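Inspection log for the structure reproduced underneath, given as structure tokens.
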Amino acid sequence: MNTSLTLGAGLGLKADHYEAAYDCAARGLWFEVHPENYMIDGGPRLAWLETIGSRHPLSLHGVSLSLAADCAPDSEHLKRLKALAERVQPALISEHLAWSTWRGQYHADLLPFPRTEDALHRIIDNIQRTQECLGRRIAIENPSHYLQLPGHQFSEIEFLAELSSRSGCGLLLDINNVFLSAHNMGYDANAYVDAFPSDAIMEIHLAGHSVDPGGTSLLIDSHDAPVAEPVWALYRRLIRRVGPRPTLIERDEHIPPFGELLLERDRAQSLLEASPCD
Amino acid sequence: MRLSAFQDAFVEALYDPEGGCLGLPTEQPGFTVYRNTVMKGAVDALLANFPTVERLVGRTWLGAVAAIHGRRSVPVDARLLYHGSEFPGFLDHFEHAQALPYLGNVARLDLLWTQCHTAVDQPGIDVTRIASLARERLASLKLTPRAAARWVWFADQPVFSIWRHNREGLQMPEQLDWHGEGALLVRSGGAVSWQALDIGGCAFLDACAIGQPLAQAAQHASDIQPSLDILELLTRLVRADVFAATDPS
């Protein structure tokens with residue numbers, strides 16, 4: 001399936017918006033959820049997801065498969081992901097270049113690691129196990145960065161390109177993560193976006209961020225505000241180069257009414273429709 | 001540093017702000033961002049999963065307690081809607097919660113609510129089918145509680161009254177009769193509802209859940225609560241959609 005034809009700009013699905021999401025007939029609209037919130041046996045939450053999925057394409061965007069942990073993905077978790085995917089038949093499945101579950105504990109964040117040759121082999125293996133289990137290609141997202149970690153042997157783009165070419169996975173380019181990581185780590189966001197391997201991009205994320213409430217100059221991937229203008233500028237720059245790709249507006253805190261989020265989505269949809277197809 | 005050693009050290013540093021870890025830049029402000037986000041994830045999950053406890057003690061108190069709990073009990077399931085299974089036990093023994101000795105049990109009912117809300121979908125038993133059964137068939141009928149039905153008896157505290165008033169946003173009665181209370185929570189038609197269930201009702205459902213036929217379950221319940229009106233109880237439970245559809249054979 002050429003998802004770029006069927007998926008325009010989508011929204012993260014929020015429980016408060018289930019009815020409005022189901023009813024909305026906006027062109028290109030699709031919805032993304034964290035599968036962790038729907039790995040349940042039954043009940044109204046799962047029923048809503050299936051109902052909305054009967055009308056709109058869905059995407060499962062995992063936050064806890066912990067692909068960058070130095071161990072294989074938890075087999076129970078993978079089974080639950082597979083069962084959910086079989087149930088709701090998502091158009092896309094994605095995860096992060098990060099770790100969160102380690103030695104049986106879940107640390108609810110997308111944690112960093114040194115991008116070494118060892119890590120590369122481990123993560124390729126973990127992605128391949130995941131793709132084999134699910135019987136499909138997944139997309140891997142560039143995370144946000146807050147730490148100058150010693151020991152990197154690859155740039156993030158080199159690392160993602162290697163992952164994609166060796167495991168066959170696609171990539172999810174989160175432009176807000178690029179923007180704030182460039183700020184936090186001191187690199188050029190435009191150069192990052194320009195160098196990102198375009199053929200592998202299966203999905204784009206846009207979100208809002210905020211200044212560290214702890215008083216530092218760090219920008220935090222807080223998903224609590226509208227997408228910032230410099231992030232929109234990076235987005236326009238990217239799709240001018242690579243053409244339209246399924247694009248998601250993420251919002252997880254200070255969630256406005258559905259209509260307000262839809263307006264923000266419409267902006268991305270308009271840019272996609274104005275972008276020449278590659 | 002090998003990746004596994006890096007991850008061990010990182011986790012240790014996440015939960016021990018005082019400890020410095022060799023080879024990790026914990027002095028960078030970015031490390032605090034990870035510490036804060038990890039803790040916020042665990043705290044937010046407890047706030048979301050224990051709304052009735054929150055109404056009783058307030059968001060500030062529960063948030064502070066959740067942070068203390070978060071340092072002792074790291075989530076073990078990435079499905080954070082199931083986080084907090086140890087929280088009732090923690091509250092039972094938490095020294096600053098001793099003035100509210102029922103708080104742990106209120107948390108237990110919040111846990112049951114989530115279990116009902118996310119349990120597997122199963123059709124309920126057909127009321128007319130039960131009504132049409134001959135007496136001897138009825139006596140040997142095995143009624144299986146649906147996965148979306150949960151019940152519990154609290155021997156010493158009016159936990160259901162406390163939980164219900166707070167869950168429904170009602171004013172607590174000025175005086176509570178300090179006796180044991182049971183609760184029945186059931187999801188039916190997509191919504192979880194609740195009602196009081198006395199000790200005999202709980203015993204009856206316990207017996208049904210281990211596969212005892214109706215006559216035996218009723219006898220067990222009556223032994224525990226001689227005043228129990230089994231017919232009234234059965235009618236109430238069937239109406240509440242407690243039982244799974246039985247095999248038509």
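Please note that chains go A, B, ... in the order of the structure tokens, that every chain numbers its residues from 1, and that ligands are numbered from 1 in the order shown.
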Please identify every residue of chain B that has at least one atom no more than 9 Å from any atom of chain A, counting only C-alpha atoms, and report them as a PyMOL selection string.
-> chain B and resi 1-4+6-8+10-11+23-26+28-34+37-42+74-81+116-122+148+187+189-191
List the neighbours of Leu60 (chain A) out to 7 Å using only C-alpha atoms; skip same-chain residues closer than 3 positions along the sequence, and give me the result as an mmCIF file with all heavy atoms, in the first residue's frame.
data_model
loop_
_atom_site.group_PDB
_atom_site.id
_atom_site.type_symbol
_atom_site.label_atom_id
_atom_site.label_comp_id
_atom_site.auth_asym_id
_atom_site.auth_seq_id
_atom_site.Cartn_x
_atom_site.Cartn_y
_atom_site.Cartn_z
ATOM 1 N N GLU A 32 -3.312 8.183 15.453
ATOM 2 C CA GLU A 32 -2.220 7.392 16.029
ATOM 3 C C GLU A 32 -2.458 7.214 17.530
ATOM 4 O O GLU A 32 -2.931 8.129 18.209
ATOM 5 C CB GLU A 32 -0.884 8.108 15.799
ATOM 6 C CG GLU A 32 0.312 7.291 16.241
ATOM 7 C CD GLU A 32 1.607 7.789 15.581
ATOM 8 O OE1 GLU A 32 1.837 7.480 14.405
ATOM 9 O OE2 GLU A 32 2.366 8.503 16.258
ATOM 10 N N VAL A 33 -2.122 6.033 18.020
ATOM 11 C CA VAL A 33 -2.212 5.770 19.469
ATOM 12 C C VAL A 33 -0.937 5.071 19.936
ATOM 13 O O VAL A 33 -0.212 4.470 19.138
ATOM 14 C CB VAL A 33 -3.417 4.867 19.822
ATOM 15 C CG1 VAL A 33 -4.728 5.545 19.485
ATOM 16 C CG2 VAL A 33 -3.317 3.505 19.151
ATOM 17 N N HIS A 34 -0.706 5.158 21.236
ATOM 18 C CA HIS A 34 0.323 4.324 21.844
ATOM 19 C C HIS A 34 -0.301 2.948 22.083
ATOM 20 O O HIS A 34 -1.295 2.847 22.821
ATOM 21 C CB HIS A 34 0.795 4.920 23.176
ATOM 22 C CG HIS A 34 1.466 6.249 23.026
ATOM 23 N ND1 HIS A 34 2.383 6.513 22.025
ATOM 24 C CD2 HIS A 34 1.348 7.392 23.739
ATOM 25 C CE1 HIS A 34 2.806 7.763 22.150
ATOM 26 N NE2 HIS A 34 2.198 8.319 23.163
ATOM 27 N N PRO A 35 0.248 1.901 21.506
ATOM 28 C CA PRO A 35 -0.373 0.585 21.679
ATOM 29 C C PRO A 35 -0.447 0.161 23.139
ATOM 30 O O PRO A 35 -1.362 -0.570 23.533
ATOM 31 C CB PRO A 35 0.536 -0.348 20.872
ATOM 32 C CG PRO A 35 1.812 0.390 20.650
ATOM 33 C CD PRO A 35 1.440 1.845 20.656
ATOM 34 N N PRO A 90 -3.455 -1.754 11.697
ATOM 35 C CA PRO A 90 -2.972 -0.383 11.509
ATOM 36 C C PRO A 90 -2.256 -0.208 10.167
ATOM 37 O O PRO A 90 -1.658 -1.152 9.651
ATOM 38 C CB PRO A 90 -1.984 -0.205 12.667
ATOM 39 C CG PRO A 90 -1.488 -1.583 12.946
ATOM 40 C CD PRO A 90 -2.662 -2.488 12.700
ATOM 41 N N LEU A 92 0.257 1.858 9.900
ATOM 42 C CA LEU A 92 1.662 2.054 10.261
ATOM 43 C C LEU A 92 1.915 1.521 11.665
ATOM 44 O O LEU A 92 1.029 1.585 12.520
ATOM 45 C CB LEU A 92 2.017 3.554 10.266
ATOM 46 C CG LEU A 92 1.985 4.310 8.939
ATOM 47 C CD1 LEU A 92 2.030 5.814 9.203
ATOM 48 C CD2 LEU A 92 3.165 3.894 8.058
ATOM 49 N N ILE A 93 3.130 1.020 11.877
ATOM 50 C CA ILE A 93 3.579 0.686 13.234
ATOM 51 C C ILE A 93 4.972 1.295 13.405
ATOM 52 O O ILE A 93 5.820 1.159 12.512
ATOM 53 C CB ILE A 93 3.645 -0.835 13.475
ATOM 54 C CG1 ILE A 93 2.263 -1.480 13.265
ATOM 55 C CG2 ILE A 93 4.149 -1.136 14.883
ATOM 56 C CD1 ILE A 93 2.228 -2.984 13.523
ATOM 57 N N SER A 94 5.180 1.955 14.524
ATOM 58 C CA SER A 94 6.481 2.605 14.724
ATOM 59 C C SER A 94 6.940 2.456 16.171
ATOM 60 O O SER A 94 6.156 2.134 17.062
ATOM 61 C CB SER A 94 6.392 4.083 14.341
ATOM 62 O OG SER A 94 5.334 4.703 15.031
#
Interface rows for region 207-258 of chain A against region 13-16 of chain A: nearest pair, Å to one decimal, 9 Å, only C-alpha atoms, as a tab-separated table:
residue	atom	partner	partner_atom	distance
A:Glu250	CA	A:Leu13	CA	8.9
A:Arg251	CA	A:Lys14	CA	8.8
A:Asp252	CA	A:Lys14	CA	8.3
A:Ile255	CA	A:Lys14	CA	8.5
A:Pro257	CA	A:Asp16	CA	8.6
A:Phe258	CA	A:Asp16	CA	8.5
From the DSSP assignment of the backbone, select every residue of region 144-260 of chain A that is helix (DSSP H, G or I), and format the answer as number ranges by chain.
-> A: 156-167, 175-185, 189-195, 198-200, 229-242, 258-260
Expected file contents, prior selection, C-alpha atoms, as a compact mmCIF listing (two decimals), in the first residue's frame:
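Result file selection-v8.txt:
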# COMPACT_ATOMS: atom_id res chain seq x y z
CA GLU A 156 22.35 9.76 14.65
CA ILE A 157 21.65 10.01 10.92
CA GLU A 158 24.43 7.52 10.08
CA PHE A 159 23.06 5.19 12.74
CA LEU A 160 19.46 5.41 11.51
CA ALA A 161 20.58 4.94 7.90
CA GLU A 162 22.50 1.79 8.88
CA LEU A 163 19.52 0.47 10.84
CA SER A 164 17.23 1.06 7.88
CA SER A 165 19.48 -0.46 5.23
CA ARG A 166 20.46 -3.50 7.31
CA SER A 167 17.12 -4.33 8.96
CA ILE A 175 10.88 17.27 13.35
CA ASN A 176 10.17 18.70 16.78
CA ASN A 177 12.78 16.30 18.17
CA VAL A 178 15.24 17.52 15.54
CA PHE A 179 14.54 21.14 16.42
CA LEU A 180 14.90 20.82 20.17
CA SER A 181 17.79 18.35 20.03
CA ALA A 182 19.65 20.70 17.68
CA HIS A 183 19.08 23.45 20.24
CA ASN A 184 20.04 21.27 23.22
CA MET A 185 23.06 19.57 21.62
CA ALA A 189 18.58 21.49 12.48
CA ASN A 190 18.41 22.42 8.78
CA ALA A 191 21.49 20.32 8.02
CA TYR A 192 19.99 17.38 9.96
CA VAL A 193 16.71 17.55 8.06
CA ASP A 194 18.53 17.94 4.74
CA ALA A 195 20.72 14.90 5.38
CA SER A 198 14.50 10.47 2.50
CA ASP A 199 13.58 7.14 0.93
CA ALA A 200 13.17 5.49 4.32
CA GLU A 229 6.81 28.13 13.87
CA PRO A 230 10.47 27.08 13.44
CA VAL A 231 9.26 23.45 13.44
CA TRP A 232 6.73 24.26 10.72
CA ALA A 233 9.58 25.88 8.73
CA LEU A 234 11.66 22.70 9.05
CA TYR A 235 8.64 20.66 7.99
CA ARG A 236 8.11 22.76 4.85
CA ARG A 237 11.81 22.43 4.10
CA LEU A 238 11.63 18.65 4.44
CA ILE A 239 8.54 17.99 2.33
CA ARG A 240 9.81 20.33 -0.39
CA ARG A 241 12.75 17.93 -0.66
CA VAL A 242 11.13 14.54 -0.07
CA PHE A 258 -10.79 18.41 18.94
CA GLY A 259 -11.70 21.25 16.57
CA GLU A 260 -8.64 23.21 17.60
Which neighbours of Leu262 (chain A) fall inside 10 Å, counting only C-alpha atoms, when residues of the same chain fewer than 3 positions from it are skipped, and could you give them as a list of chain:residue names?
-> A:Ala9, A:Gly10, A:Leu11, A:Ala21, A:Cys24, A:Ala26, A:Leu29, A:Ile249, A:Pro256, A:Pro257, A:Phe258, A:Gly259, A:Arg265, A:Asp266, A:Arg267, A:Ala268, A:Gln269
Please identify all polymer residues within 12 Å of Leu170 (chain B), counting only C-alpha atoms, omitting same-chain residues fewer than 4 positions from it, and present them as a ChimeraX atom specification.
-> /B:52,55-56,161-166,174
Would you save the residues of that selection, restricted to all heavy atoms, as a PDB file, in the first residue's frame?
ATOM      1  N   THR B  52     -10.166   7.771  43.072  1.00  0.00           N
ATOM      2  CA  THR B  52     -10.945   7.875  44.309  1.00  0.00           C
ATOM      3  C   THR B  52     -10.031   8.191  45.489  1.00  0.00           C
ATOM      4  O   THR B  52     -10.386   8.968  46.378  1.00  0.00           O
ATOM      5  CB  THR B  52     -11.716   6.570  44.566  1.00  0.00           C
ATOM      6  OG1 THR B  52     -12.190   6.065  43.320  1.00  0.00           O
ATOM      7  CG2 THR B  52     -12.873   6.815  45.482  1.00  0.00           C
ATOM      8  N   ARG B  55      -9.413  11.836  45.316  1.00  0.00           N
ATOM      9  CA  ARG B  55     -10.489  12.701  45.824  1.00  0.00           C
ATOM     10  C   ARG B  55     -10.456  12.758  47.354  1.00  0.00           C
ATOM     11  O   ARG B  55     -10.782  13.783  47.963  1.00  0.00           O
ATOM     12  CB  ARG B  55     -11.850  12.219  45.353  1.00  0.00           C
ATOM     13  CG  ARG B  55     -12.947  13.212  45.727  1.00  0.00           C
ATOM     14  CD  ARG B  55     -14.243  12.946  45.021  1.00  0.00           C
ATOM     15  NE  ARG B  55     -15.168  14.047  45.220  1.00  0.00           N
ATOM     16  CZ  ARG B  55     -15.995  14.144  46.264  1.00  0.00           C
ATOM     17  NH1 ARG B  55     -15.984  13.222  47.197  1.00  0.00           N
ATOM     18  NH2 ARG B  55     -16.828  15.170  46.366  1.00  0.00           N
ATOM     19  N   LEU B  56     -10.029  11.679  47.972  1.00  0.00           N
ATOM     20  CA  LEU B  56      -9.983  11.645  49.432  1.00  0.00           C
ATOM     21  C   LEU B  56      -8.820  12.459  49.996  1.00  0.00           C
ATOM     22  O   LEU B  56      -8.963  13.089  51.045  1.00  0.00           O
ATOM     23  CB  LEU B  56      -9.844  10.192  49.908  1.00  0.00           C
ATOM     24  CG  LEU B  56     -11.144   9.415  50.090  1.00  0.00           C
ATOM     25  CD1 LEU B  56     -10.867   7.922  50.116  1.00  0.00           C
ATOM     26  CD2 LEU B  56     -11.829   9.854  51.378  1.00  0.00           C
ATOM     27  N   SER B 161     -18.932   2.178  51.009  1.00  0.00           N
ATOM     28  CA  SER B 161     -19.598   3.481  51.176  1.00  0.00           C
ATOM     29  C   SER B 161     -18.606   4.632  50.944  1.00  0.00           C
ATOM     30  O   SER B 161     -18.916   5.612  50.274  1.00  0.00           O
ATOM     31  CB  SER B 161     -20.194   3.609  52.577  1.00  0.00           C
ATOM     32  OG  SER B 161     -21.238   2.689  52.750  1.00  0.00           O
ATOM     33  N   ILE B 162     -17.418   4.485  51.518  1.00  0.00           N
ATOM     34  CA  ILE B 162     -16.411   5.549  51.373  1.00  0.00           C
ATOM     35  C   ILE B 162     -16.016   5.681  49.907  1.00  0.00           C
ATOM     36  O   ILE B 162     -15.972   6.781  49.342  1.00  0.00           O
ATOM     37  CB  ILE B 162     -15.168   5.234  52.248  1.00  0.00           C
ATOM     38  CG1 ILE B 162     -15.562   5.188  53.723  1.00  0.00           C
ATOM     39  CG2 ILE B 162     -14.074   6.263  52.013  1.00  0.00           C
ATOM     40  CD1 ILE B 162     -14.476   4.617  54.633  1.00  0.00           C
ATOM     41  N   TRP B 163     -15.764   4.554  49.278  1.00  0.00           N
ATOM     42  CA  TRP B 163     -15.334   4.560  47.877  1.00  0.00           C
ATOM     43  C   TRP B 163     -16.422   5.145  46.981  1.00  0.00           C
ATOM     44  O   TRP B 163     -16.178   6.017  46.157  1.00  0.00           O
ATOM     45  CB  TRP B 163     -14.975   3.130  47.440  1.00  0.00           C
ATOM     46  CG  TRP B 163     -14.466   3.039  46.034  1.00  0.00           C
ATOM     47  CD1 TRP B 163     -13.194   3.284  45.613  1.00  0.00           C
ATOM     48  CD2 TRP B 163     -15.209   2.677  44.861  1.00  0.00           C
ATOM     49  NE1 TRP B 163     -13.098   3.097  44.253  1.00  0.00           N
ATOM     50  CE2 TRP B 163     -14.324   2.727  43.773  1.00  0.00           C
ATOM     51  CE3 TRP B 163     -16.539   2.329  44.627  1.00  0.00           C
ATOM     52  CZ2 TRP B 163     -14.707   2.432  42.462  1.00  0.00           C
ATOM     53  CZ3 TRP B 163     -16.938   2.039  43.337  1.00  0.00           C
ATOM     54  CH2 TRP B 163     -16.036   2.085  42.268  1.00  0.00           C
ATOM     55  N   ARG B 164     -17.665   4.653  47.182  1.00  0.00           N
ATOM     56  CA  ARG B 164     -18.755   5.058  46.297  1.00  0.00           C
ATOM     57  C   ARG B 164     -19.013   6.567  46.393  1.00  0.00           C
ATOM     58  O   ARG B 164     -19.150   7.244  45.369  1.00  0.00           O
ATOM     59  CB  ARG B 164     -20.024   4.301  46.665  1.00  0.00           C
ATOM     60  CG  ARG B 164     -21.210   4.644  45.807  1.00  0.00           C
ATOM     61  CD  ARG B 164     -22.415   3.827  46.209  1.00  0.00           C
ATOM     62  NE  ARG B 164     -23.084   4.357  47.389  1.00  0.00           N
ATOM     63  CZ  ARG B 164     -23.958   5.368  47.380  1.00  0.00           C
ATOM     64  NH1 ARG B 164     -24.256   5.977  46.239  1.00  0.00           N
ATOM     65  NH2 ARG B 164     -24.530   5.780  48.490  1.00  0.00           N
ATOM     66  N   HIS B 165     -19.063   7.082  47.611  1.00  0.00           N
ATOM     67  CA  HIS B 165     -19.341   8.513  47.749  1.00  0.00           C
ATOM     68  C   HIS B 165     -18.274   9.347  47.050  1.00  0.00           C
ATOM     69  O   HIS B 165     -18.569  10.355  46.423  1.00  0.00           O
ATOM     70  CB  HIS B 165     -19.443   8.897  49.232  1.00  0.00           C
ATOM     71  CG  HIS B 165     -20.768   8.579  49.828  1.00  0.00           C
ATOM     72  ND1 HIS B 165     -21.049   7.366  50.398  1.00  0.00           N
ATOM     73  CD2 HIS B 165     -21.921   9.300  49.888  1.00  0.00           C
ATOM     74  CE1 HIS B 165     -22.302   7.355  50.814  1.00  0.00           C
ATOM     75  NE2 HIS B 165     -22.860   8.510  50.516  1.00  0.00           N
ATOM     76  N   ASN B 166     -17.047   8.919  47.159  1.00  0.00           N
ATOM     77  CA  ASN B 166     -15.978   9.703  46.546  1.00  0.00           C
ATOM     78  C   ASN B 166     -15.889   9.465  45.044  1.00  0.00           C
ATOM     79  O   ASN B 166     -15.624  10.383  44.269  1.00  0.00           O
ATOM     80  CB  ASN B 166     -14.656   9.400  47.237  1.00  0.00           C
ATOM     81  CG  ASN B 166     -14.594  10.066  48.597  1.00  0.00           C
ATOM     82  OD1 ASN B 166     -14.366  11.266  48.688  1.00  0.00           O
ATOM     83  ND2 ASN B 166     -14.870   9.310  49.642  1.00  0.00           N
ATOM     84  N   GLU B 174     -22.251  12.282  57.243  1.00  0.00           N
ATOM     85  CA  GLU B 174     -21.587  12.791  58.452  1.00  0.00           C
ATOM     86  C   GLU B 174     -21.160  11.656  59.362  1.00  0.00           C
ATOM     87  O   GLU B 174     -20.131  11.719  60.022  1.00  0.00           O
ATOM     88  CB  GLU B 174     -22.524  13.737  59.185  1.00  0.00           C
ATOM     89  CG  GLU B 174     -22.621  15.069  58.451  1.00  0.00           C
ATOM     90  CD  GLU B 174     -23.227  16.153  59.309  1.00  0.00           C
ATOM     91  OE1 GLU B 174     -23.396  15.940  60.524  1.00  0.00           O
ATOM     92  OE2 GLU B 174     -23.522  17.207  58.730  1.00  0.00           O
TER      93      GLU B 174
END
Could you give me, as JSON lines, every region 127-245 of chain B residue with an atom at most 10 Å from region 88-109 of chain B, plus its closest atom pair and distance in Å to one decimal, counting only C-alpha atoms, rows ordered by chain then number?
{"residue": "B:Arg150", "atom": "CA", "partner": "B:Leu109", "partner_atom": "CA", "distance": 9.3}
{"residue": "B:Trp151", "atom": "CA", "partner": "B:Leu109", "partner_atom": "CA", "distance": 9.0}
{"residue": "B:Val152", "atom": "CA", "partner": "B:Leu109", "partner_atom": "CA", "distance": 8.4}
{"residue": "B:Phe154", "atom": "CA", "partner": "B:Asn105", "partner_atom": "CA", "distance": 7.9}
{"residue": "B:Asp156", "atom": "CA", "partner": "B:Tyr102", "partner_atom": "CA", "distance": 9.4}
{"residue": "B:Gln157", "atom": "CA", "partner": "B:Tyr102", "partner_atom": "CA", "distance": 6.9}
{"residue": "B:Pro158", "atom": "CA", "partner": "B:Tyr102", "partner_atom": "CA", "distance": 8.4}
{"residue": "B:Val159", "atom": "CA", "partner": "B:Val106", "partner_atom": "CA", "distance": 6.3}
{"residue": "B:Phe160", "atom": "CA", "partner": "B:Val106", "partner_atom": "CA", "distance": 7.8}
{"residue": "B:Ser161", "atom": "CA", "partner": "B:Val106", "partner_atom": "CA", "distance": 9.8}
{"residue": "B:Ile162", "atom": "CA", "partner": "B:Val106", "partner_atom": "CA", "distance": 7.5}
{"residue": "B:Trp163", "atom": "CA", "partner": "B:Val106", "partner_atom": "CA", "distance": 5.6}
{"residue": "B:Arg164", "atom": "CA", "partner": "B:Val106", "partner_atom": "CA", "distance": 9.3}
{"residue": "B:Asn166", "atom": "CA", "partner": "B:Val106", "partner_atom": "CA", "distance": 9.6}
{"residue": "B:Arg167", "atom": "CA", "partner": "B:Val106", "partner_atom": "CA", "distance": 9.8}
{"residue": "B:Ala183", "atom": "CA", "partner": "B:Leu109", "partner_atom": "CA", "distance": 8.2}
{"residue": "B:Leu184", "atom": "CA", "partner": "B:Leu109", "partner_atom": "CA", "distance": 9.5}
{"residue": "B:Leu185", "atom": "CA", "partner": "B:Leu109", "partner_atom": "CA", "distance": 8.6}
For CA of Ser73 (chain B) and CA of Glu86 (chain B), the interatomic separation in Å (one decimal) = 7.9 Å
Determine which residues of region 104-189 of chain A DSSP labels as strand (DSSP E) from the backbone of this structure, then write them out as a list in words.
->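 Assigned to strand (DSSP E), within region 104-189 of chain A: Gln105, Tyr106, His107, Ala108, Asp109, Leu110, Leu111, Ala139, Ile140, Glu141, Gly170, Leu171, Leu172, Leu173 and Asp174 of chain A.
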What lies within 12 Å of Ala240 (chain B) using only C-alpha atoms, ignoring chain neighbours under 3 positions off, as a PyMOL selection string?
-> chain B and resi 124-127+145-146+148-150+184-189+191-197+233-237+243-244
What would the file look like if the residues just selected were written as a compact mmCIF listing (two decimals), in the first residue's frame with N, CA and C atoms?
# COMPACT_ATOMS: atom_id res chain seq x y z
N GLY B 124 -23.33 -11.87 28.39
CA GLY B 124 -23.91 -12.26 29.68
C GLY B 124 -24.97 -13.34 29.50
N ILE B 125 -25.34 -13.93 30.62
CA ILE B 125 -26.32 -15.02 30.57
C ILE B 125 -27.71 -14.46 30.23
N ASP B 126 -28.48 -15.26 29.55
CA ASP B 126 -29.82 -14.88 29.15
C ASP B 126 -30.78 -15.11 30.33
N VAL B 127 -31.39 -14.05 30.81
CA VAL B 127 -32.26 -14.14 31.99
C VAL B 127 -33.40 -15.13 31.74
N PRO B 145 -18.99 -16.32 36.76
CA PRO B 145 -18.92 -14.85 36.72
C PRO B 145 -18.10 -14.39 35.51
N ARG B 146 -18.56 -13.34 34.84
CA ARG B 146 -17.82 -12.77 33.71
C ARG B 146 -16.50 -12.17 34.21
N ALA B 148 -15.46 -9.42 33.56
CA ALA B 148 -15.70 -8.01 33.86
C ALA B 148 -16.50 -7.82 35.15
N ALA B 149 -16.62 -8.87 35.96
CA ALA B 149 -17.29 -8.75 37.26
C ALA B 149 -16.26 -9.01 38.36
N ARG B 150 -16.18 -8.12 39.31
CA ARG B 150 -15.26 -8.28 40.45
C ARG B 150 -16.01 -7.98 41.73
N LEU B 184 -19.52 -4.96 44.68
CA LEU B 184 -19.57 -5.66 43.39
C LEU B 184 -19.40 -4.62 42.29
N LEU B 185 -18.44 -4.84 41.43
CA LEU B 185 -18.25 -3.96 40.28
C LEU B 185 -18.41 -4.80 39.01
N VAL B 186 -19.17 -4.31 38.09
CA VAL B 186 -19.43 -5.06 36.85
C VAL B 186 -19.44 -4.10 35.66
N ARG B 187 -18.79 -4.54 34.60
CA ARG B 187 -18.90 -3.76 33.35
C ARG B 187 -19.96 -4.42 32.48
N SER B 188 -20.91 -3.59 32.09
CA SER B 188 -21.97 -4.09 31.21
C SER B 188 -22.32 -2.96 30.26
N GLY B 189 -22.48 -3.28 28.99
CA GLY B 189 -22.80 -2.24 28.02
C GLY B 189 -21.75 -1.15 27.96
N ALA B 191 -19.95 0.22 30.31
CA ALA B 191 -19.74 1.06 31.50
C ALA B 191 -19.63 0.18 32.74
N VAL B 192 -18.76 0.60 33.66
CA VAL B 192 -18.62 -0.12 34.93
C VAL B 192 -19.62 0.46 35.92
N SER B 193 -20.41 -0.41 36.54
CA SER B 193 -21.32 0.05 37.59
C SER B 193 -20.96 -0.69 38.88
N TRP B 194 -21.51 -0.25 39.98
CA TRP B 194 -21.16 -0.86 41.27
C TRP B 194 -22.35 -0.86 42.19
N GLN B 195 -22.32 -1.80 43.11
CA GLN B 195 -23.35 -1.88 44.15
C GLN B 195 -22.76 -2.58 45.37
N ALA B 196 -23.42 -2.38 46.49
CA ALA B 196 -22.98 -3.07 47.72
C ALA B 196 -23.29 -4.55 47.59
N LEU B 197 -22.45 -5.35 48.17
CA LEU B 197 -22.70 -6.79 48.17
C LEU B 197 -22.33 -7.31 49.55
N LEU B 233 -30.83 -12.34 45.75
CA LEU B 233 -29.43 -12.16 45.36
C LEU B 233 -29.22 -12.58 43.90
N LEU B 234 -29.75 -13.75 43.55
CA LEU B 234 -29.55 -14.26 42.20
C LEU B 234 -30.17 -13.32 41.16
N THR B 235 -31.35 -12.84 41.46
CA THR B 235 -32.03 -11.91 40.55
C THR B 235 -31.18 -10.65 40.36
N ARG B 236 -30.68 -10.17 41.46
CA ARG B 236 -29.88 -8.93 41.42
C ARG B 236 -28.60 -9.16 40.61
N LEU B 237 -27.95 -10.30 40.82
CA LEU B 237 -26.67 -10.56 40.13
C LEU B 237 -26.90 -10.76 38.63
N PHE B 243 -23.04 -12.77 35.25
CA PHE B 243 -22.69 -14.12 34.79
C PHE B 243 -22.50 -14.21 33.28
N ALA B 244 -21.55 -15.07 32.90
CA ALA B 244 -21.29 -15.29 31.48
C ALA B 244 -22.35 -16.22 30.90
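Using only C-alpha atoms, the nearest neighbour of Glu141 (chain A) within the list A:Glu86, A:Glu253, A:Asp188, A:Glu203 is A:Glu203.
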